[in-house]
Amino acid sequence: MRGLRDLWEGGLVLGAFLALPLALVALALMVVVTALQVGQLTAMDAVAEAGLTLTLRTLEGPDGAPVPYVQVAQVARDSPAARAGLARGDVLLAVAGRRVGRPLEAWRAVEAAPGGREIHLPLVWLPPLERALGTLRVERGGSEPALVLVAPAPAAQAQGLRPGDVLRKAAGIPVTSPRQAWETVLLLARQGEAPLELEVLRAGETAHLAFDPCGRAELLVVRDAWRAWVRFLTRVGDPRYPEQAGLLPALVGSLGVVAVMAAVAFPLGLAAAVYLEEFARPGRFRTLLDILLASLAGLPSAVVGLLGLEVFARGLLLGRSILAGGFTLAVLILPIVAIAGREALRTVPRSLREAALSVGATPGQTVFHQVLPAALPGLLTGMVLALSRAVGEAAPLLLLGAFLYVNYVPQSLRDSFTVVPIQIFDWATRPQDGYATVTACAIVFLLGLTLALNGLAIFLRARFQRRWAE
Amino acid sequence: MTIYWGTVENPVLSARAFSAWYGKAQALRDVHLDIPERAVTAIIGPSGCGKTTLIRAMNRMNDTVPGFRAQGEILFRGVNIYAPRVDPVAVRRRIGMVFQKPNPFPKSIFENVAFGLRVNGFRGNIRERVEWALRRAALWEEVEGDLHRKSGDELSGGQQQRLCIARALAVDPEVLLMDEPCSALDPVATMKIEDLIRDLVSSVTIVIVTHNMQQAARVSDHIAFLLLGELVEFGPTREVFTRPRDPRTEAYITGRFG
């Protein structure tokens, strides 16, 4: 028996000694990882602000393996990118002298490019077939199908291609269809073999000419970390592209849900604490309430979510609204507030209550005029910590059916919503390049918010806590 | 046993066959005691004899202690304060109390004294009344300039205890119960409180619990000696000290136990 207790106590001591270093290591790891990711947010924002939205595409290489490439998904009107001649469908080949195969590599290149806030970024890209070469048509008149350039693009015409030219080979590789021709050109251009040699049949004669299909320009991009963060936190965002992701709907959702939670859980939790500590007489009823409160505090958050779904969303017909979310969180937070409140009330010495009672104050006056003001710092600390817990809570809201993503800012308490932790969860599960960065930034923001709230709690405790001479 | 009661004319407070328990432990056994008006009655006895229980029973302060149970009567001007219809709040408004350890509110000196007035719905000039109470407690000169600036717990221990006395006096109680008011104070502060007790007794009835025989001799007019929850002896202070009727009283005051 004694051995067992020693083991238990030893474990506690060991745990205490391990917990701090482990927490520090975890924190340091988190800081390092996020610091690596956060720099990319600036680069993503710089590219997006220059007007470019990038997406990852693949084609089948000569050996059958998929070859990734970066395609321009959107070019903003009147943006620097549009003025530089980039258009939707262009394939980005090189950024600042680095060849890029994925959007991630493009952003890394922007991040690593030398220079300060504003840089002129040299870009190389391959326009789509229509603009690189022109309109091609397969004609099956002769012994074998012929790829005829019906209408060469201006760039192609400038390099000597003429209408009616029949394309035979590109850098020695036979071309048979418009699509295959363009993919061949893309594969060659990716390897930097430009200008490439085209073999064309013109008026029955074979001709070789050097052809450079690529567009080149210097793009002015502005790398501004502050702007990147502000944009990230204040826009609604486009779910398709990580460089346009925005945290605003989730922020507003979190704010609404937590406000509803606070409006419900704080008064009820405080009332429960005051009743149990100051008014309830010892007996079966109080014991029962104690047990109920402790059980509520120990409820797994998933169970609370189910409760919210059945009672608030379905039973009270609130749906997946901010109101239902706030009520659900209130169930989770109420026991925390009540227990913290009871602790705070317990720190107020008996002698203060007796002092008030002895001059003829009623129990109610004693509590409201003397005990509650004296316990206020502890009560505030408890409430702020409960807020910080609520802000980070995702599981009950997921079960309630909060959306992973909403593309609008909730306008009323009856609107559906998402919250920051759920948004993080959503982004974290997306495979596309850039979402890791967005996820990291949202985590950093949430972490900062939680740290700030906890810091506030520590400040309140240090500033207002009084030491009762015993 | 000898019962010394019925000797006091017009007692303010009387215990009649009063017994008290904390859970199953009996703290007072069948106490009969009369408290004379406009006099200082000291309750003495060794630790654990029930002094504090008795004095806290006199304004129903024990109601707040879990497990407390009482039997018998405490009469205040002929009315049993433990009768079912009596509101303990009303009792405490007329029977004030000062505790062992100074327990000022963590608020300004002014608010400490004014609190009792506010909760009692006092309609007069609160400022004047606060000054009046502080003067009665011989604290006015020391705190006059700091009424709103200083918090009650920034005062010295002796000043704090006098502030607590002023707080109790502000609502003009008929009886002031003092539970070892000097046990936490130094000799100089103790002397000031003792002087104050003698000054106050012309206007308010005082019951004081004390551990200190010399203090009882200095401040009290009557002495009640409690032992193991029973009242052993009650009488004028001089008589109890010079000619105790019970051998146990003599043993206690001569220092053979206690």
# chains A, B, ... in the order shown; residues from 1 in each chain; ligands from 1
>>> interface_residues(of="chain A", to="chain B", cutoff="6 Å", atoms="only C-alpha atoms", output="PyMOL selection string")
chain A and resi 358-362
>>> residues_around(residues="segment 179-189 of chain B", least_positions_apart="2", cutoff="9 Å", atoms="only C-alpha atoms", output="PyMOL selection string")
chain B and resi 51-52+55-56+97-102+157-159+161+177+191-194+207-212
>>> closest_residue(among="A:Lys169, A:Arg137, A:Pro127, A:Ala457", to="Ala156 of chain A", atoms="only C-alpha atoms")
A:Pro127
>>> atom_distance(atom1="atom CA of Gly215 of chain A", atom2="atom CA of Ala106 of chain A")
16.4 Å
>>> atom_distance(atom1="atom CA of Val337 of chain A", atom2="atom CA of Ala16 of chain A")
25.9 Å
>>> atom_distance(atom1="atom CA of Ala46 of chain A", atom2="atom CA of Thr234 of chain A")
16.2 Å
>>> residues_around(residues="Pro163 of chain A", least_positions_apart="4", cutoff="8 Å", atoms="only C-alpha atoms", output="list of chain:residue names")
A:Leu149, A:Val150, A:Ala151, A:Pro152
>>> select_by_dssp(residues="segment 32-244 of chain B", states="strand (DSSP E or B)", output="ChimeraX atom specification")
/B:32-35,40-44,68-76,79-80,95-98,108,151,175-179,205-209,222-227,230-236
>>> write_last_selection(atoms="C-alpha atoms", output="compact mmCIF listing (two decimals), in the first residue's frame")
# COMPACT_ATOMS: atom_id res chain seq x y z
CA HIS B 32 -28.47 31.45 33.25
CA LEU B 33 -27.01 34.95 33.15
CA ASP B 34 -28.22 38.56 33.41
CA ILE B 35 -26.35 41.43 31.77
CA VAL B 40 -19.26 46.38 31.49
CA THR B 41 -19.71 42.66 31.99
CA ALA B 42 -16.65 40.55 31.38
CA ILE B 43 -16.95 36.87 30.48
CA ILE B 44 -13.85 34.99 31.54
CA PHE B 68 -24.86 25.35 15.39
CA ARG B 69 -27.95 24.55 17.47
CA ALA B 70 -29.32 26.31 20.53
CA GLN B 71 -31.84 25.52 23.24
CA GLY B 72 -33.26 27.81 25.89
CA GLU B 73 -33.69 31.54 25.61
CA ILE B 74 -31.67 34.70 25.23
CA LEU B 75 -33.90 37.56 26.29
CA PHE B 76 -33.23 41.03 24.95
CA VAL B 79 -38.00 39.27 24.19
CA ASN B 80 -36.48 35.91 23.30
CA ILE B 95 -26.77 44.58 19.47
CA GLY B 96 -23.47 45.42 17.82
CA MET B 97 -20.31 43.37 17.82
CA VAL B 98 -16.54 43.78 17.70
CA SER B 108 -12.41 53.84 2.78
CA SER B 151 -8.66 52.27 3.20
CA VAL B 175 -25.44 46.68 23.50
CA LEU B 176 -21.89 46.29 22.26
CA LEU B 177 -20.50 42.76 22.32
CA MET B 178 -16.70 42.58 22.26
CA ASP B 179 -15.07 39.22 21.67
CA THR B 205 -24.06 48.33 27.64
CA ILE B 206 -20.88 46.37 27.02
CA VAL B 207 -20.20 42.66 27.20
CA ILE B 208 -16.57 41.70 26.75
CA VAL B 209 -14.94 38.32 26.47
CA HIS B 222 -19.34 42.46 36.62
CA ILE B 223 -17.70 39.17 35.89
CA ALA B 224 -19.14 35.92 34.62
CA PHE B 225 -16.89 32.89 34.94
CA LEU B 226 -17.48 30.03 32.55
CA LEU B 227 -15.96 26.58 32.82
CA GLU B 230 -21.22 26.03 32.48
CA LEU B 231 -21.60 29.36 34.25
CA VAL B 232 -19.73 28.88 37.51
CA GLU B 233 -19.98 32.30 39.02
CA PHE B 234 -21.41 35.74 38.34
CA GLY B 235 -21.00 38.85 40.47
CA PRO B 236 -19.52 42.31 40.83
>>> select_by_dssp(residues="segment 8-151 of chain B", states="alpha helix (DSSP H)", output="PyMOL selection string")
chain B and resi 51-57+88-94+109-119+126-136+140-143
>>> residues_around(residues="Pro128 of chain A", least_positions_apart="5", cutoff="12 Å", atoms="only C-alpha atoms", output="mmCIF file with N, CA, C and O atoms, in the first residue's frame")
data_model
loop_
_atom_site.group_PDB
_atom_site.id
_atom_site.type_symbol
_atom_site.label_atom_id
_atom_site.label_comp_id
_atom_site.auth_asym_id
_atom_site.auth_seq_id
_atom_site.Cartn_x
_atom_site.Cartn_y
_atom_site.Cartn_z
ATOM 1 N N GLN A 71 -0.476 27.306 -62.877
ATOM 2 C CA GLN A 71 -1.275 28.042 -63.833
ATOM 3 C C GLN A 71 -1.870 29.274 -63.159
ATOM 4 O O GLN A 71 -2.186 29.248 -61.965
ATOM 5 N N VAL A 72 -1.999 30.329 -63.936
ATOM 6 C CA VAL A 72 -2.629 31.539 -63.418
ATOM 7 C C VAL A 72 -4.134 31.319 -63.461
ATOM 8 O O VAL A 72 -4.708 31.124 -64.530
ATOM 9 N N LEU A 86 0.118 39.448 -68.312
ATOM 10 C CA LEU A 86 -0.300 38.123 -67.871
ATOM 11 C C LEU A 86 -1.810 37.986 -68.009
ATOM 12 O O LEU A 86 -2.542 38.963 -67.902
ATOM 13 N N ALA A 87 -2.247 36.785 -68.281
ATOM 14 C CA ALA A 87 -3.678 36.554 -68.428
ATOM 15 C C ALA A 87 -4.014 35.194 -67.854
ATOM 16 O O ALA A 87 -3.142 34.346 -67.637
ATOM 17 N N ARG A 88 -5.307 35.002 -67.606
ATOM 18 C CA ARG A 88 -5.807 33.740 -67.086
ATOM 19 C C ARG A 88 -5.390 32.593 -68.009
ATOM 20 O O ARG A 88 -5.489 32.708 -69.231
ATOM 21 N N GLY A 89 -4.889 31.518 -67.440
ATOM 22 C CA GLY A 89 -4.486 30.364 -68.232
ATOM 23 C C GLY A 89 -2.993 30.310 -68.510
ATOM 24 O O GLY A 89 -2.477 29.266 -68.919
ATOM 25 N N ASP A 90 -2.299 31.414 -68.295
ATOM 26 C CA ASP A 90 -0.847 31.400 -68.489
ATOM 27 C C ASP A 90 -0.203 30.424 -67.514
ATOM 28 O O ASP A 90 -0.693 30.231 -66.401
ATOM 29 N N VAL A 91 0.899 29.830 -67.946
ATOM 30 C CA VAL A 91 1.623 28.921 -67.057
ATOM 31 C C VAL A 91 2.887 29.628 -66.595
ATOM 32 O O VAL A 91 3.713 30.032 -67.402
ATOM 33 N N LEU A 92 2.983 29.763 -65.284
ATOM 34 C CA LEU A 92 4.139 30.452 -64.716
ATOM 35 C C LEU A 92 5.317 29.498 -64.710
ATOM 36 O O LEU A 92 5.249 28.402 -64.152
ATOM 37 N N LEU A 133 0.898 30.238 -79.867
ATOM 38 C CA LEU A 133 1.120 29.855 -81.256
ATOM 39 C C LEU A 133 0.019 30.384 -82.170
ATOM 40 O O LEU A 133 0.284 31.025 -83.178
ATOM 41 N N GLY A 134 -1.219 30.106 -81.787
ATOM 42 C CA GLY A 134 -2.334 30.506 -82.636
ATOM 43 C C GLY A 134 -3.327 29.359 -82.720
ATOM 44 O O GLY A 134 -3.282 28.423 -81.922
ATOM 45 N N THR A 135 -4.246 29.466 -83.679
ATOM 46 C CA THR A 135 -5.256 28.429 -83.824
ATOM 47 C C THR A 135 -4.710 27.306 -84.702
ATOM 48 O O THR A 135 -4.265 27.540 -85.825
ATOM 49 N N ALA A 153 -0.789 33.375 -83.749
ATOM 50 C CA ALA A 153 -0.902 34.474 -82.788
ATOM 51 C C ALA A 153 0.081 35.560 -83.169
ATOM 52 O O ALA A 153 1.078 35.288 -83.855
ATOM 53 N N PRO A 178 -3.287 19.617 -81.367
ATOM 54 C CA PRO A 178 -3.052 20.918 -80.710
ATOM 55 C C PRO A 178 -2.666 20.734 -79.253
ATOM 56 O O PRO A 178 -1.714 21.352 -78.764
ATOM 57 N N ARG A 179 -3.388 19.844 -78.566
ATOM 58 C CA ARG A 179 -3.136 19.665 -77.151
ATOM 59 C C ARG A 179 -1.743 19.087 -76.906
ATOM 60 O O ARG A 179 -0.989 19.586 -76.068
ATOM 61 N N ALA A 181 0.715 19.259 -78.894
ATOM 62 C CA ALA A 181 1.712 20.249 -79.301
ATOM 63 C C ALA A 181 1.999 21.209 -78.148
ATOM 64 O O ALA A 181 3.152 21.497 -77.810
ATOM 65 N N TRP A 182 0.906 21.668 -77.515
ATOM 66 C CA TRP A 182 1.096 22.652 -76.433
ATOM 67 C C TRP A 182 1.787 22.022 -75.229
ATOM 68 O O TRP A 182 2.667 22.610 -74.609
ATOM 69 N N GLU A 183 1.380 20.759 -74.912
ATOM 70 C CA GLU A 183 2.006 20.076 -73.777
ATOM 71 C C GLU A 183 3.487 19.848 -74.040
ATOM 72 O O GLU A 183 4.323 19.975 -73.148
ATOM 73 N N VAL A 185 5.386 21.734 -75.946
ATOM 74 C CA VAL A 185 6.030 23.040 -75.795
ATOM 75 C C VAL A 185 6.210 23.372 -74.310
ATOM 76 O O VAL A 185 7.268 23.839 -73.877
ATOM 77 N N LEU A 186 5.153 23.065 -73.527
ATOM 78 C CA LEU A 186 5.217 23.366 -72.092
ATOM 79 C C LEU A 186 6.333 22.575 -71.419
ATOM 80 O O LEU A 186 7.119 23.123 -70.640
ATOM 81 N N PRO A 213 8.204 30.651 -77.282
ATOM 82 C CA PRO A 213 6.770 30.822 -76.974
ATOM 83 C C PRO A 213 6.509 31.625 -75.709
ATOM 84 O O PRO A 213 5.368 31.949 -75.414
ATOM 85 N N CYS A 214 7.560 31.929 -74.925
ATOM 86 C CA CYS A 214 7.334 32.447 -73.574
ATOM 87 C C CYS A 214 7.121 33.952 -73.551
ATOM 88 O O CYS A 214 7.630 34.681 -74.393
ATOM 89 N N GLY A 215 6.347 34.383 -72.524
ATOM 90 C CA GLY A 215 6.219 35.791 -72.229
ATOM 91 C C GLY A 215 7.163 36.137 -71.088
ATOM 92 O O GLY A 215 7.421 35.317 -70.207
#
>>> closest_residue(among="A:Leu296, A:Leu248, A:Ala390, A:Leu352", to="Gln423 of chain A", atoms="only C-alpha atoms")
A:Leu248
>>> closest_residue(among="A:Arg463, A:Arg281, A:Arg5, A:Arg240", to="Gln74 of chain A", atoms="only C-alpha atoms")
A:Arg240
